[in-house]
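Q: Shown below is the structure under consideration.
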Amino acid sequence: MHKLSNAFSLVETLIVLSIISLLGILSLGHFSNLGTTTKMQLTSNDLASLLNEARNLAVQQNGLIAVCVLDAGKQCQKDWSHAPISLFRDKNNNANWDDDEQLIYQFHSPNDDARIRWSNFRRKRHILYRGDGSVDSNGSLIICPRRGELSMARALIINKAGRVRISQDSNDDGRHETASGKAISC
């Protein structure tokens with residue numbers, strides 16, 4: 001008489017374990033990108049809030065509010081990745097934080113993996129909000145992950161009226177677009 005067994009054979013068990021391991025490895029890459037994507041979204045939202053605050057202050061004070069990264073000489077610099085982003089009253093419109101001007105706020109990005117670049121039509125190193133809320137040059141703050149995953153790059157698009165919007169992936173290709181509809185490049 002032949003007795004039926006309810007147990008799995010060694011080969012069946014190994015096949016199941018191999019499939020589970022393979023699925024785990026494939027999903028691990030997706031979940032590791034989730035943290036970077038969240039950090040990029042938080043950085044974008046924080047910077048949009050900072051720019052909106054600068055615009056509101058310029059209107060409330062009816063004055064010039066500059067946003068930039070300051071170098072050791074208190075001058076706005078082109079590279080926005082290595083230092084805190086400063087918001088200050090720029091009375092004389094020289095893109096320098098002078099001794100008689102008020103430093104309002106310094107933004108330290110919570111995301112060490114982000115590179116930030118200001119790109120604008122007048123090639124200025126700063127964003128300058130006027131008393132009516134407008135800016136002296138429209139452009140985009142490009143936020144890129146340091147590891148170069150272009151699908152995670154974001155842009156804060158600032159129009160001449162000083163309004164800020166966060167880029168979107170409008171064509172569903174997995175990459176956010178600039179104001180002109182081109183994919184963000186890092």
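A note on labels: chains of the structure tokens are A, B, ... as shown, every chain counts residues from 1, and ligands are counted from 1 in their shown order.
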Residues near Lys160 in chain A, anyone? I mean within 6 Å using only C-alpha atoms, not counting same-chain ones fewer than 3 positions away, as a VMD selection string.

A: chain A and resid 134 to 135 138

Q: Write to file, as a PDB file, in the first residue's frame, the residues of the selection just made, with C-alpha atoms.

A:
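Listed below is the output, out-v5.pdb:
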```pdb
ATOM      1  CA  SER A 134       6.889  90.326  -8.896  1.00  0.00           C
ATOM      2  CA  VAL A 135      10.430  89.105  -9.568  1.00  0.00           C
ATOM      3  CA  ASN A 138      11.486  84.570 -14.077  1.00  0.00           C
TER       4      ASN A 138
END
```

Q: Which residues come within 9 Å of Arg117 in chain A, counting only C-alpha atoms, excluding same-chain residues fewer than 4 positions away, as a PyMOL selection string?

A: chain A and resi 78-81+140-144+186

Q: Find the residues around Ser44 in chain A up to 12 Å (only C-alpha atoms counted), leave out those fewer than 4 positions away in its own chain, and share them as a PyMOL selection string.

A: chain A and resi 37-40+48-51+109-111+114-116+140-145+152-157+164-168

Q: I'd like the neighbourhood of Ala66 in chain A as a PyMOL selection string, where a residue qualifies if any of its atoms comes within 6 Å (using only C-alpha atoms), though same-chain residues fewer than 4 positions away should be ignored.

A: chain A and resi 87-88+90+127-128

Q: For CA of Phe121 in chain A and CA of Ser180 in chain A, quote the distance in Å rounded to one decimal.

A: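 Atom-to-atom, CA of Phe121 in chain A to CA of Ser180 in chain A, that is 12.6 Å.
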
Q: From a DSSP pass on the backbone, collect the residues of chain A flagged as strand (DSSP E or B) and hand them back as a PyMOL selection string.

A: chain A and resi 65-70+75-77+79+85-89+96+103-107+114-120+127-129+135+139-145+154-158+164-166+177+183

Q: Closest to Ala58 in chain A among A:Ser9, A:Lys74, A:Gly131, A:Gln41, using only C-alpha atoms?

A: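 Ranked by minimum distance to Ala58 in chain A, first place goes to A:Gly131.
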